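Shown below: input37.pdb, with PDB, C-alpha atoms.
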```
ATOM      1  CA  MET A   1      19.028  -5.874 -27.676
ATOM      2  CA  ALA A   2      16.348  -8.548 -27.507
ATOM      3  CA  ASP A   3      16.348 -10.988 -24.609
ATOM      4  CA  ALA A   4      16.970 -14.670 -25.270
ATOM      5  CA  ALA A   5      13.916 -16.381 -26.748
ATOM      6  CA  TYR A   6      11.717 -18.340 -24.380
ATOM      7  CA  SER A   7       9.218 -20.946 -25.481
ATOM      8  CA  PRO A   8       6.530 -21.628 -22.843
ATOM      9  CA  PRO A   9       5.806 -25.304 -22.151
ATOM     10  CA  GLU A  10       2.423 -26.715 -23.028
ATOM     11  CA  VAL A  11       1.551 -26.924 -19.316
ATOM     12  CA  TRP A  12       3.290 -24.666 -16.801
ATOM     13  CA  THR A  13       4.789 -26.279 -13.701
ATOM     14  CA  TRP A  14       6.078 -24.588 -10.575
ATOM     15  CA  ASP A  15       9.857 -24.220 -10.346
ATOM     16  CA  LYS A  16      10.659 -23.484  -6.704
ATOM     17  CA  GLU A  17      14.150 -22.377  -7.729
ATOM     18  CA  ASN A  18      13.011 -19.564 -10.033
ATOM     19  CA  GLY A  19      15.089 -16.979  -8.179
ATOM     20  CA  GLY A  20      14.320 -13.417  -7.260
ATOM     21  CA  GLN A  21      14.068 -11.654  -3.919
ATOM     22  CA  PHE A  22      10.711 -13.187  -3.013
ATOM     23  CA  ALA A  23      11.173 -16.645  -4.528
ATOM     24  CA  ASN A  24      11.132 -18.287  -1.107
ATOM     25  CA  ILE A  25       7.560 -17.128  -0.376
ATOM     26  CA  ASN A  26       5.904 -16.975  -3.796
ATOM     27  CA  ARG A  27       3.758 -19.948  -4.713
ATOM     28  CA  PRO A  28       0.897 -20.729  -7.107
ATOM     29  CA  ILE A  29      -1.550 -21.961  -4.459
ATOM     30  CA  ALA A  30      -3.556 -20.263  -1.712
ATOM     31  CA  GLY A  31      -4.254 -21.231   1.882
ATOM     32  CA  PRO A  32      -2.135 -21.370   5.046
ATOM     33  CA  THR A  33       1.238 -23.051   5.256
ATOM     34  CA  HIS A  34       1.325 -23.280   9.045
ATOM     35  CA  ASP A  35      -0.770 -22.799  12.153
ATOM     36  CA  SER A  36      -0.426 -19.440  13.837
ATOM     37  CA  THR A  37      -2.105 -17.299  16.449
ATOM     38  CA  LEU A  38      -2.247 -13.580  15.811
ATOM     39  CA  PRO A  39      -1.801 -11.262  18.786
ATOM     40  CA  ARG A  40      -4.664  -9.010  19.800
ATOM     41  CA  GLY A  41      -4.474  -5.716  21.655
ATOM     42  CA  THR A  42      -6.993  -3.643  23.552
ATOM     43  CA  HIS A  43      -8.090  -1.154  20.889
ATOM     44  CA  PRO A  44     -11.211  -1.314  18.686
ATOM     45  CA  PHE A  45      -9.133  -1.909  15.559
ATOM     46  CA  GLN A  46      -6.516  -4.592  15.091
ATOM     47  CA  LEU A  47      -4.322  -4.054  12.056
ATOM     48  CA  TYR A  48      -1.975  -6.763  10.776
ATOM     49  CA  SER A  49       0.335  -5.212   8.263
ATOM     50  CA  LEU A  50       3.763  -4.121   7.078
ATOM     51  CA  GLY A  51       4.850  -0.590   6.185
ATOM     52  CA  THR A  52       4.874  -1.146   2.440
ATOM     53  CA  PRO A  53       2.961   1.309   0.214
ATOM     54  CA  ASN A  54      -0.240  -0.684   0.729
ATOM     55  CA  GLY A  55       0.288  -0.898   4.463
ATOM     56  CA  GLN A  56       1.079   2.800   4.784
ATOM     57  CA  LYS A  57      -2.281   3.727   3.286
ATOM     58  CA  VAL A  58      -4.120   2.325   6.303
ATOM     59  CA  THR A  59      -1.850   3.671   9.027
ATOM     60  CA  ILE A  60      -1.988   7.114   7.410
ATOM     61  CA  LEU A  61      -5.786   7.016   7.500
ATOM     62  CA  PHE A  62      -5.824   5.866  11.128
ATOM     63  CA  GLU A  63      -3.527   8.738  12.088
ATOM     64  CA  GLU A  64      -5.679  11.183  10.112
ATOM     65  CA  LEU A  65      -8.818   9.942  11.879
ATOM     66  CA  LEU A  66      -7.196  10.258  15.283
ATOM     67  CA  ALA A  67      -5.946  13.763  14.499
ATOM     68  CA  ALA A  68      -9.478  14.714  13.457
ATOM     69  CA  GLY A  69     -10.808  13.598  16.839
ATOM     70  CA  HIS A  70     -12.380  10.270  15.907
ATOM     71  CA  ASP A  71     -12.355   7.232  18.198
ATOM     72  CA  ALA A  72     -10.097   5.258  15.906
ATOM     73  CA  GLU A  73      -7.496   3.871  18.275
ATOM     74  CA  TYR A  74      -5.689   0.921  16.788
ATOM     75  CA  ASP A  75      -3.060  -1.696  17.413
ATOM     76  CA  ALA A  76      -0.743  -2.235  14.440
ATOM     77  CA  TRP A  77       0.980  -5.612  14.492
ATOM     78  CA  ILE A  78       3.787  -6.310  12.055
ATOM     79  CA  ILE A  79       3.508  -9.179   9.566
ATOM     80  CA  GLU A  80       6.921 -10.141   8.234
ATOM     81  CA  ILE A  81       6.015 -11.082   4.676
ATOM     82  CA  GLY A  82       9.607 -11.987   3.835
ATOM     83  CA  GLN A  83       9.340 -14.739   6.433
ATOM     84  CA  GLY A  84       5.924 -15.954   5.271
ATOM     85  CA  GLY A  85       3.892 -14.504   8.139
ATOM     86  CA  GLN A  86       1.022 -13.815   5.741
ATOM     87  CA  PHE A  87       0.562 -17.563   5.277
ATOM     88  CA  GLY A  88      -0.216 -18.291   8.920
ATOM     89  CA  SER A  89      -3.638 -19.785   9.610
ATOM     90  CA  ASP A  90      -4.960 -16.851  11.660
ATOM     91  CA  PHE A  91      -3.882 -14.324   9.048
ATOM     92  CA  VAL A  92      -5.399 -16.312   6.197
ATOM     93  CA  ALA A  93      -8.654 -16.446   8.182
ATOM     94  CA  ILE A  94      -8.758 -12.628   7.951
ATOM     95  CA  ASN A  95      -7.377 -12.363   4.437
ATOM     96  CA  PRO A  96      -7.736 -15.460   2.233
ATOM     97  CA  ASN A  97      -5.515 -13.703  -0.314
ATOM     98  CA  SER A  98      -2.534 -13.727   2.082
ATOM     99  CA  LYS A  99      -1.576 -10.105   1.455
ATOM    100  CA  ILE A 100      -1.112  -7.240   3.877
ATOM    101  CA  PRO A 101      -2.859  -5.248   5.204
ATOM    102  CA  ALA A 102      -5.665  -7.048   7.009
ATOM    103  CA  LEU A 103      -7.978  -5.527   9.600
ATOM    104  CA  LEU A 104     -10.184  -6.787  12.396
ATOM    105  CA  ASP A 105     -12.827  -4.219  13.359
ATOM    106  CA  LEU A 106     -13.849  -5.040  16.929
ATOM    107  CA  SER A 107     -15.787  -1.835  17.519
ATOM    108  CA  GLY A 108     -19.221  -3.431  17.062
ATOM    109  CA  PRO A 109     -21.099  -6.365  18.555
ATOM    110  CA  LYS A 110     -19.397  -8.812  16.206
ATOM    111  CA  PRO A 111     -15.890  -8.768  14.711
ATOM    112  CA  ILE A 112     -15.675  -7.643  11.093
ATOM    113  CA  ARG A 113     -12.780  -8.701   8.906
ATOM    114  CA  VAL A 114     -11.686  -6.387   6.105
ATOM    115  CA  PHE A 115      -8.950  -7.166   3.615
ATOM    116  CA  GLU A 116      -7.444  -5.314   0.638
ATOM    117  CA  SER A 117      -6.153  -1.830   1.398
ATOM    118  CA  GLY A 118      -8.777  -0.030  -0.680
ATOM    119  CA  ALA A 119     -11.584  -1.884   1.069
ATOM    120  CA  ILE A 120     -10.105  -1.006   4.456
ATOM    121  CA  LEU A 121      -9.869   2.684   3.520
ATOM    122  CA  LEU A 122     -13.465   2.702   2.336
ATOM    123  CA  HIS A 123     -14.688   0.803   5.410
ATOM    124  CA  LEU A 124     -13.056   3.252   7.809
ATOM    125  CA  ALA A 125     -14.009   6.359   5.843
ATOM    126  CA  GLU A 126     -17.656   5.326   5.771
ATOM    127  CA  LYS A 127     -17.638   4.224   9.405
ATOM    128  CA  PHE A 128     -16.411   7.605  10.610
ATOM    129  CA  GLY A 129     -17.902   9.743   7.848
ATOM    130  CA  ALA A 130     -14.515  11.241   7.105
ATOM    131  CA  PHE A 131     -12.189  11.684   4.137
ATOM    132  CA  ILE A 132     -14.881  10.721   1.640
ATOM    133  CA  PRO A 133     -17.338  13.160   0.036
ATOM    134  CA  THR A 134     -20.980  12.846   1.029
ATOM    135  CA  ASP A 135     -22.522  14.162  -2.195
ATOM    136  CA  ALA A 136     -23.127  11.673  -5.000
ATOM    137  CA  LYS A 137     -20.866  13.359  -7.549
ATOM    138  CA  GLY A 138     -17.982  13.829  -5.143
ATOM    139  CA  ARG A 139     -18.293  10.300  -3.815
ATOM    140  CA  ALA A 140     -18.268   8.859  -7.330
ATOM    141  CA  GLU A 141     -15.146  10.858  -8.203
ATOM    142  CA  CYS A 142     -13.413   9.745  -5.013
ATOM    143  CA  LEU A 143     -14.262   6.084  -5.546
ATOM    144  CA  SER A 144     -13.202   6.270  -9.186
ATOM    145  CA  TRP A 145      -9.759   7.499  -8.221
ATOM    146  CA  LEU A 146      -9.554   4.997  -5.375
ATOM    147  CA  MET A 147     -10.286   2.119  -7.749
ATOM    148  CA  TRP A 148      -7.887   3.627 -10.292
ATOM    149  CA  GLN A 149      -5.135   3.467  -7.725
ATOM    150  CA  MET A 150      -5.954  -0.115  -6.822
ATOM    151  CA  SER A 151      -5.746  -1.089 -10.482
ATOM    152  CA  THR A 152      -2.354   0.597 -10.944
ATOM    153  CA  ALA A 153      -0.513  -0.895  -7.959
ATOM    154  CA  PRO A 154       0.238  -4.258  -9.640
ATOM    155  CA  MET A 155       1.765  -2.439 -12.608
ATOM    156  CA  ILE A 156       4.013  -0.298 -10.426
ATOM    157  CA  GLY A 157       4.888  -2.938  -7.831
ATOM    158  CA  GLY A 158       4.579  -6.388  -9.334
ATOM    159  CA  GLY A 159       5.535  -5.125 -12.777
ATOM    160  CA  PHE A 160       7.995  -2.244 -12.726
ATOM    161  CA  GLY A 161       9.291  -2.740  -9.205
ATOM    162  CA  HIS A 162       9.836  -6.452  -9.642
ATOM    163  CA  PHE A 163      11.669  -6.372 -12.957
ATOM    164  CA  TYR A 164      13.610  -3.175 -12.224
ATOM    165  CA  ALA A 165      14.713  -4.003  -8.686
ATOM    166  CA  TYR A 166      13.940  -7.557  -7.585
ATOM    167  CA  ALA A 167      14.235  -9.954 -10.530
ATOM    168  CA  PRO A 168      17.370 -12.133 -10.449
ATOM    169  CA  GLU A 169      18.410 -10.814 -13.872
ATOM    170  CA  LYS A 170      17.727  -7.611 -15.806
ATOM    171  CA  TYR A 171      15.625  -8.081 -18.919
ATOM    172  CA  GLU A 172      15.107  -5.202 -21.307
ATOM    173  CA  TYR A 173      11.614  -6.042 -22.530
ATOM    174  CA  PRO A 174       9.747  -6.267 -19.167
ATOM    175  CA  ILE A 175      11.630  -3.265 -17.739
ATOM    176  CA  ASN A 176      10.701  -1.179 -20.776
ATOM    177  CA  ARG A 177       7.132  -2.453 -20.772
ATOM    178  CA  TYR A 178       6.421  -1.722 -17.119
ATOM    179  CA  THR A 179       8.400   1.524 -17.068
ATOM    180  CA  MET A 180       6.239   2.789 -19.906
ATOM    181  CA  GLU A 181       3.068   1.841 -18.038
ATOM    182  CA  THR A 182       4.295   3.289 -14.742
ATOM    183  CA  LYS A 183       5.131   6.595 -16.403
ATOM    184  CA  ARG A 184       1.715   6.623 -18.068
ATOM    185  CA  ILE A 185       0.088   6.084 -14.657
ATOM    186  CA  ILE A 186       2.069   8.948 -13.133
ATOM    187  CA  ASP A 187       1.099  11.123 -16.090
ATOM    188  CA  VAL A 188      -2.592  10.339 -15.521
ATOM    189  CA  ALA A 189      -2.236  11.707 -11.997
ATOM    190  CA  ASP A 190      -0.127  14.650 -13.139
ATOM    191  CA  ARG A 191      -2.718  15.712 -15.707
ATOM    192  CA  ARG A 192      -5.547  15.345 -13.206
ATOM    193  CA  LEU A 193      -3.658  17.451 -10.694
ATOM    194  CA  THR A 194      -3.461  20.337 -13.158
ATOM    195  CA  GLU A 195      -7.232  20.624 -12.690
ATOM    196  CA  THR A 196      -7.669  20.185  -8.945
ATOM    197  CA  PRO A 197      -5.480  20.264  -5.810
ATOM    198  CA  PHE A 198      -6.423  16.683  -4.936
ATOM    199  CA  LEU A 199      -7.406  13.677  -7.008
ATOM    200  CA  ALA A 200     -11.123  13.790  -6.209
ATOM    201  CA  GLY A 201     -11.355  17.572  -6.329
ATOM    202  CA  ASP A 202     -10.886  20.272  -3.711
ATOM    203  CA  GLU A 203     -10.975  17.855  -0.750
ATOM    204  CA  TYR A 204      -8.241  15.591   0.539
ATOM    205  CA  THR A 205      -9.761  12.089   0.549
ATOM    206  CA  ILE A 206      -8.978   8.412   0.796
ATOM    207  CA  ALA A 207      -8.210   8.529  -2.930
ATOM    208  CA  ASP A 208      -5.203  10.732  -2.174
ATOM    209  CA  ILE A 209      -4.161   8.547   0.758
ATOM    210  CA  ALA A 210      -4.282   5.461  -1.462
ATOM    211  CA  ALA A 211      -2.327   7.052  -4.293
ATOM    212  CA  TYR A 212       0.212   8.595  -1.939
ATOM    213  CA  GLY A 213       1.077   5.152  -0.617
ATOM    214  CA  TRP A 214       2.699   4.381  -3.966
ATOM    215  CA  LEU A 215       3.496   7.736  -5.571
ATOM    216  CA  GLY A 216       4.678   9.201  -2.283
ATOM    217  CA  ASN A 217       7.065   6.302  -1.874
ATOM    218  CA  ILE A 218       8.685   7.255  -5.170
ATOM    219  CA  ALA A 219       8.535  10.979  -4.389
ATOM    220  CA  ARG A 220      10.459  10.388  -1.141
ATOM    221  CA  ASN A 221      13.037   8.385  -3.112
ATOM    222  CA  GLU A 222      12.299   5.270  -1.061
ATOM    223  CA  ALA A 223      11.161   3.033  -3.928
ATOM    224  CA  TYR A 224      13.186   0.449  -5.817
ATOM    225  CA  GLY A 225      16.651   1.919  -5.424
ATOM    226  CA  THR A 226      17.200   4.494  -8.171
ATOM    227  CA  ALA A 227      13.609   4.459  -9.460
ATOM    228  CA  HIS A 228      13.063   8.169  -8.744
ATOM    229  CA  LYS A 229      15.811   9.127 -11.193
ATOM    230  CA  PHE A 230      15.085   6.323 -13.668
ATOM    231  CA  LEU A 231      11.441   7.408 -13.973
ATOM    232  CA  ASP A 232      12.407  11.102 -14.135
ATOM    233  CA  PHE A 233       9.886  11.562 -11.349
ATOM    234  CA  GLY A 234      10.946  15.133 -10.682
ATOM    235  CA  SER A 235       9.547  16.189 -14.058
ATOM    236  CA  TYR A 236       5.968  15.524 -12.920
ATOM    237  CA  ARG A 237       5.503  18.923 -11.336
ATOM    238  CA  ASN A 238       1.868  18.565 -10.310
ATOM    239  CA  VAL A 239       2.363  15.154  -8.724
ATOM    240  CA  ASN A 240       5.364  16.485  -6.821
ATOM    241  CA  ARG A 241       3.406  19.526  -5.606
ATOM    242  CA  TRP A 242       0.618  17.221  -4.454
ATOM    243  CA  ALA A 243       3.033  14.789  -2.775
ATOM    244  CA  GLU A 244       4.763  17.618  -0.912
ATOM    245  CA  ALA A 245       1.416  18.949   0.327
ATOM    246  CA  ILE A 246       0.411  15.522   1.615
ATOM    247  CA  LEU A 247       3.740  14.826   3.305
ATOM    248  CA  ALA A 248       3.437  18.182   5.090
ATOM    249  CA  ARG A 249       0.496  16.728   7.043
ATOM    250  CA  THR A 250       1.585  15.494  10.483
ATOM    251  CA  PRO A 251      -0.694  12.394  10.390
ATOM    252  CA  VAL A 252       0.963  11.342   7.140
ATOM    253  CA  GLN A 253       4.414  11.750   8.662
ATOM    254  CA  ARG A 254       3.256   9.568  11.540
ATOM    255  CA  GLY A 255       1.500   6.945   9.452
ATOM    256  CA  ILE A 256       4.412   6.196   7.139
ATOM    257  CA  LYS A 257       6.575   5.203  10.113
ATOM    258  CA  VAL A 258       4.376   2.356  11.350
ATOM    259  CA  ASN A 259       5.114  -1.368  10.936
ATOM    260  CA  ARG A 260       8.607  -0.730   9.664
ATOM    261  CA  ASN A 261      11.963  -1.835  11.032
ATOM    262  CA  GLY A 262      14.823   0.596  11.533
ATOM    263  CA  ASP A 263      15.928   3.744  13.291
ATOM    264  CA  GLY A 264      13.224   6.386  13.508
ATOM    265  CA  LEU A 265      10.535   3.857  12.583
ATOM    266  CA  VAL A 266       7.878   2.034  14.594
ATOM    267  CA  ARG A 267       7.779  -1.747  14.379
ATOM    268  CA  GLU A 268       4.426  -1.967  16.175
ATOM    269  CA  ARG A 269       2.022   0.745  17.221
ATOM    270  CA  HIS A 270      -0.166   0.357  20.313
ATOM    271  CA  SER A 271      -0.485   3.983  21.415
ATOM    272  CA  ALA A 272       0.299   7.455  20.164
ATOM    273  CA  ALA A 273       3.389   7.409  22.390
ATOM    274  CA  ASP A 274       4.984   4.756  20.174
ATOM    275  CA  ILE A 275       5.114   7.199  17.270
ATOM    276  CA  ASP A 276       5.727  10.253  19.463
ATOM    277  CA  ALA A 277       8.986   8.647  20.569
ATOM    278  CA  VAL A 278      10.447   8.755  17.039
ATOM    279  CA  MET A 279       8.962  12.018  15.767
TER     280      MET A 279
END
```

So that I can check it, write out the structure of this file as structure tokens.
Amino acid sequence: MADAAYSPPEVWTWDKENGGQFANINRPIAGPTHDSTLPRGTHPFQLYSLGTPNGQKVTILFEELLAAGHDAEYDAWIIEIGQGGQFGSDFVAINPNSKIPALLDLSGPKPIRVFESGAILLHLAEKFGAFIPTDAKGRAECLSWLMWQMSTAPMIGGGFGHFYAYAPEKYEYPINRYTMETKRIIDVADRRLTETPFLAGDEYTIADIAAYGWLGNIARNEAYGTAHKFLDFGSYRNVNRWAEAILARTPVQRGIKVNRNGDGLVRERHSAADIDAVM
């Protein structure tokens, strides 16, 4: 059945009452809405985030770096995006796009801001020389899959996730459109993973960490209510094998708990003991 016809106006105007789970924070303009001061801890890295798929990418990498013996201690402060914390002046100064995660690297002589999850993964991987291939071919493959993941997240989250789970009403056309694209994205990964154990080849890299943020969320049946069943996610055997192998890693199990509210989760992380307490 076709949805009711909609004729766009000649010039679009913002309707603050457009509904949906995030209607109270979505807006068509950038910049801060209020003054704020972000907290700062004692570690070289200050992460301001939330344990969404994009946020989990960074905390997983931090935990992987620590497990590998790198000096990557970090404070992870929660940003409550449902309450508009990403629009505070201090946060916008780190990320003008007002999206989590955002990172302050205080390990050098001058602070370095890094925003966008893929950029943060690349910054940390290059800084520590870890989880990214050093040869030109391997690096190119890793970065290709990293950028692939970054390009797919809006389709899965803002497209499929929004219309399937968060929109105020169910509309057949956008759900079908974004479900088709989400399944195509999963199939791209599934076909690649018939060739190699990990996305970039034989090595586990930041490309896998990035993709696991989103695909792992579905694999664990934590995404968008009944999305796992709706997408027939269990039929993607190679993606599921890959997701199981990644979740078996202790740093991944630790990283996905950070900046989340609830039993067995860690609202803020300031030392390994914070995660140890819920493991």

**Message:** I want to know what sits within 9 Å of Met180 (chain A), based on all atoms listed in the file, with residues of the same chain fewer than 5 positions away left out; could you give that as a VMD selection string?
**Reply:** chain A and resid 160 175 185

Write a file of the just-selected residues containing C-alpha atoms, as a compact mmCIF listing (two decimals), keeping the file's coordinate frame.
```
# COMPACT_ATOMS: atom_id res chain seq x y z
CA PHE A 160 8.00 -2.24 -12.73
CA ILE A 175 11.63 -3.26 -17.74
CA ILE A 185 0.09 6.08 -14.66
```

**Contacts of region 223-238 of chain A within 8 Å, all atoms listed in the file, excl. fewer than 2 positions in-chain, as a PyMOL selection string** = chain A and resi 161+164-165+179+183+186-187+190-191+193-194+217-221+240-242

Report the closest atom pair, with its distance in Å rounded to one decimal, for each residue of region 136-237 of chain A that has an atom no farther than 10 Å from region 119-122 of chain A; count all atoms listed in the file, sort by chain and then rising residue number, and write it as a Markdown table.
```
| residue | atom | partner | partner_atom | distance |
| --- | --- | --- | --- | --- |
| A:Leu143 | CA | A:Leu122 | CA | 8.6 |
| A:Leu146 | CA | A:Leu122 | CA | 8.9 |
| A:Met147 | CA | A:Ala119 | CA | 9.8 |
| A:Met150 | CA | A:Ala119 | CA | 9.9 |
| A:Thr205 | CA | A:Leu121 | CA | 9.9 |
| A:Ile206 | CA | A:Leu121 | CA | 6.4 |
| A:Ala207 | CA | A:Leu121 | CA | 8.9 |
| A:Ile209 | CA | A:Leu121 | CA | 8.6 |
| A:Ala210 | CA | A:Leu121 | CA | 8.0 |
```

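Residue nearest Gly55 (chain A), chosen from A:Pro8, A:Pro101, A:Gly129, A:Pro174 and counting all atoms listed in the file: A:Pro101.
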
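You will find CA of Gly41 (chain A) at 10.2 Å from CA of Arg269 (chain A).
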
**Request:** Carefully work through the PyMOL selection byres ((chain A and resi 266) around 12) for this structure and note down the residues it includes, as JSON, numbers by chain.
**Result:** {"A": [50, 51, 56, 59, 75, 76, 77, 78, 253, 254, 255, 256, 257, 258, 259, 260, 261, 262, 263, 264, 265, 267, 268, 269, 270, 271, 272, 273, 274, 275, 276, 277, 278, 279]}
